[in-house]
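A.B. asks: Have a look at this one.
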Amino acid sequence: MFNYVIILPLALFLLAYKFFFTSKKQRYYLPPSPSYSLPILGHHLLIKPPVHRLFHRLSNIHGPIFYLRLGSRRAVVISSSSLARECFTGQNDVIVSNRPRFLTSKYIAYNYTTIATTSYGDHWRNLRRICSLEIVSSKRLANFLHIRKEEIQRMLTRLSRDARVGKEVELESILYDLTFNNIVRMVTGKIYYGDDVSDKEEAELFKKLFTFITTNSGARHPGEYLPFMKIFGGSFEKEVKAAAKVIDEMLQRLLDECKSDKDGNTMVNHLLSLQQDDPEYYTDIIIKGLMLGIMVASSETSALTIEWAMASLLNHPKVLDKVKLEIDEIIGQDRLIEESDIANLPYLQNVVSETLRLHPAAPVLVPRSTAEDIKIGGYDVPRDTMVMVNAWAIHRDPDLWTEPERFNPERFNGGEGEKDDVRMLIAFGSGRRICPGVGLAHKIVTLALGSLIQCFDWKKVNEKEIDMSEGPGMAMRMMVPLRALCKTRPIMNKLPAYTKV
């Protein structure tokens, strides 16, 4: 009896494979594909982290667009700027604006209803309008300027305690605390990290759950594209359901706290005022989905970008000295950098751009899905095919960039005849589904990085190069979290006059 339980499902999957894939290959002119493909599994065994580097190697063999079969899913991977532009402009951008349906999106993202996981259509357009006009508009971000200033000062004060005793600092947790506090205070008004804060345990649980999401989203777990794993006791779906339950309970508590604070000035309070006018659309689920999307997308990615930037500067001390000189000449040591100063600090902006080029927080953009059959690069891409764009590879394409592996912020100085152009960066996506929070991310990253350089002298903990290896997951973490030595500069003696947090 046991043999039949094992053999029957396998036989059914082999028949399904033959019917759905073998026959359709005869109708479609598909992109090139690795020859090593197994029944049922497809190219699954080829997938090893870091995925963006694997895709880059495969593109060197098969070309700028290639085809993969991941279990029950089709996928194409794009590694050239021209093909990405073909996808994300005109009518193609509409056809390639759906999202694949993953278990994480189903259970954690409220049945595919959040702005990041819902497919293109009226609901997505409504969410995009809400984000653009009601959440991350210039006016809304200006209202929360005091939060960003206070959280920068909180971080500087925390660092100064260690710097005065010459203690080695681990930047990953400090930067995550900064960005997480920033986002959650804007969204709900709650402070999770800092002196006299009692909810650090809940904050750490949020961090653990968000890491689970970014590690397992986007077809990174075989449970997403090998449905038969359920038959043999696969636990991935159970893990996702459990994580979803905890996340929902935590978001609901934050939402209830905002409901009880009628005079609150947060993003959620603003959404609750819209709920009063249109309760059928602005349901608690819609609001929690917006909260989740902003918190997941903004907190970790900004922290990672600052960490990569600091690691790059420590490995390139002349660049660090140059950006420090720019800050000292334009701002000085009598006051802290303000957001309004950023426009007058072009080299600091170049450092951020170069960091996003070499170390995009999402090296493979969030997968899209085709709403209908389409041609890309002259090849057929069938309906319901995942489209994955390797931003990391495009950012290192020698046909686009001069000395692409070199950390060189000067490449963005511009000038007639220069081929390196900040407009070629796609770290935040492109087209209709570009990240709506790109403006907020730039503000947080640039102000935080500039403040760290203005207020401290930095150096490596030893003479070795900083390890720039990348960890696994949808968000590109440093394999070895950055540790450094810092020493306070004169402006830190004046910081207490600024710090009231």
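Chain lettering (A, B, ...) mirrors the order of the structure tokens, residue numbering begins at 1 for each chain separately, and ligand numbering begins at 1 in order of display.
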Find the residues near Val323 in chain A: any atom within 9 Å, counting only C-alpha atoms, skip ones fewer than 6 places away on the same chain, and give them as a PyMOL selection string.
C.D. replies: chain A and resi 345+347-348+351+450+453
A.B. asks: Excluding same-chain residues fewer than 4 positions from Met468 in chain A, what lies within 10 Å of it counting only C-alpha atoms, as a PyMOL selection string?
C.D. replies: chain A and resi 308+311-312+315+359+477-482
A.B. asks: From the list A:Phe180, A:Tyr110, A:Tyr225, A:Tyr192, which residue is nearest Leu70 in chain A when using only C-alpha atoms?
C.D. replies: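 Answer, going by the shortest atom-to-atom distance: A:Tyr225.
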A.B. asks: Which is closer to Phe210 in chain A than all the others in A:Ile434, A:Leu141, A:Ala475, A:Ile183, using only C-alpha atoms?
C.D. replies: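 Under the stated criterion, the closest residue is A:Ala475.
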A.B. asks: Using only C-alpha atoms, which residues sit within 8 Å of Ser353 in chain A once same-chain residues fewer than 3 positions away are excluded, as a PyMOL selection string?
C.D. replies: chain A and resi 349-350+356-357+409+412+422
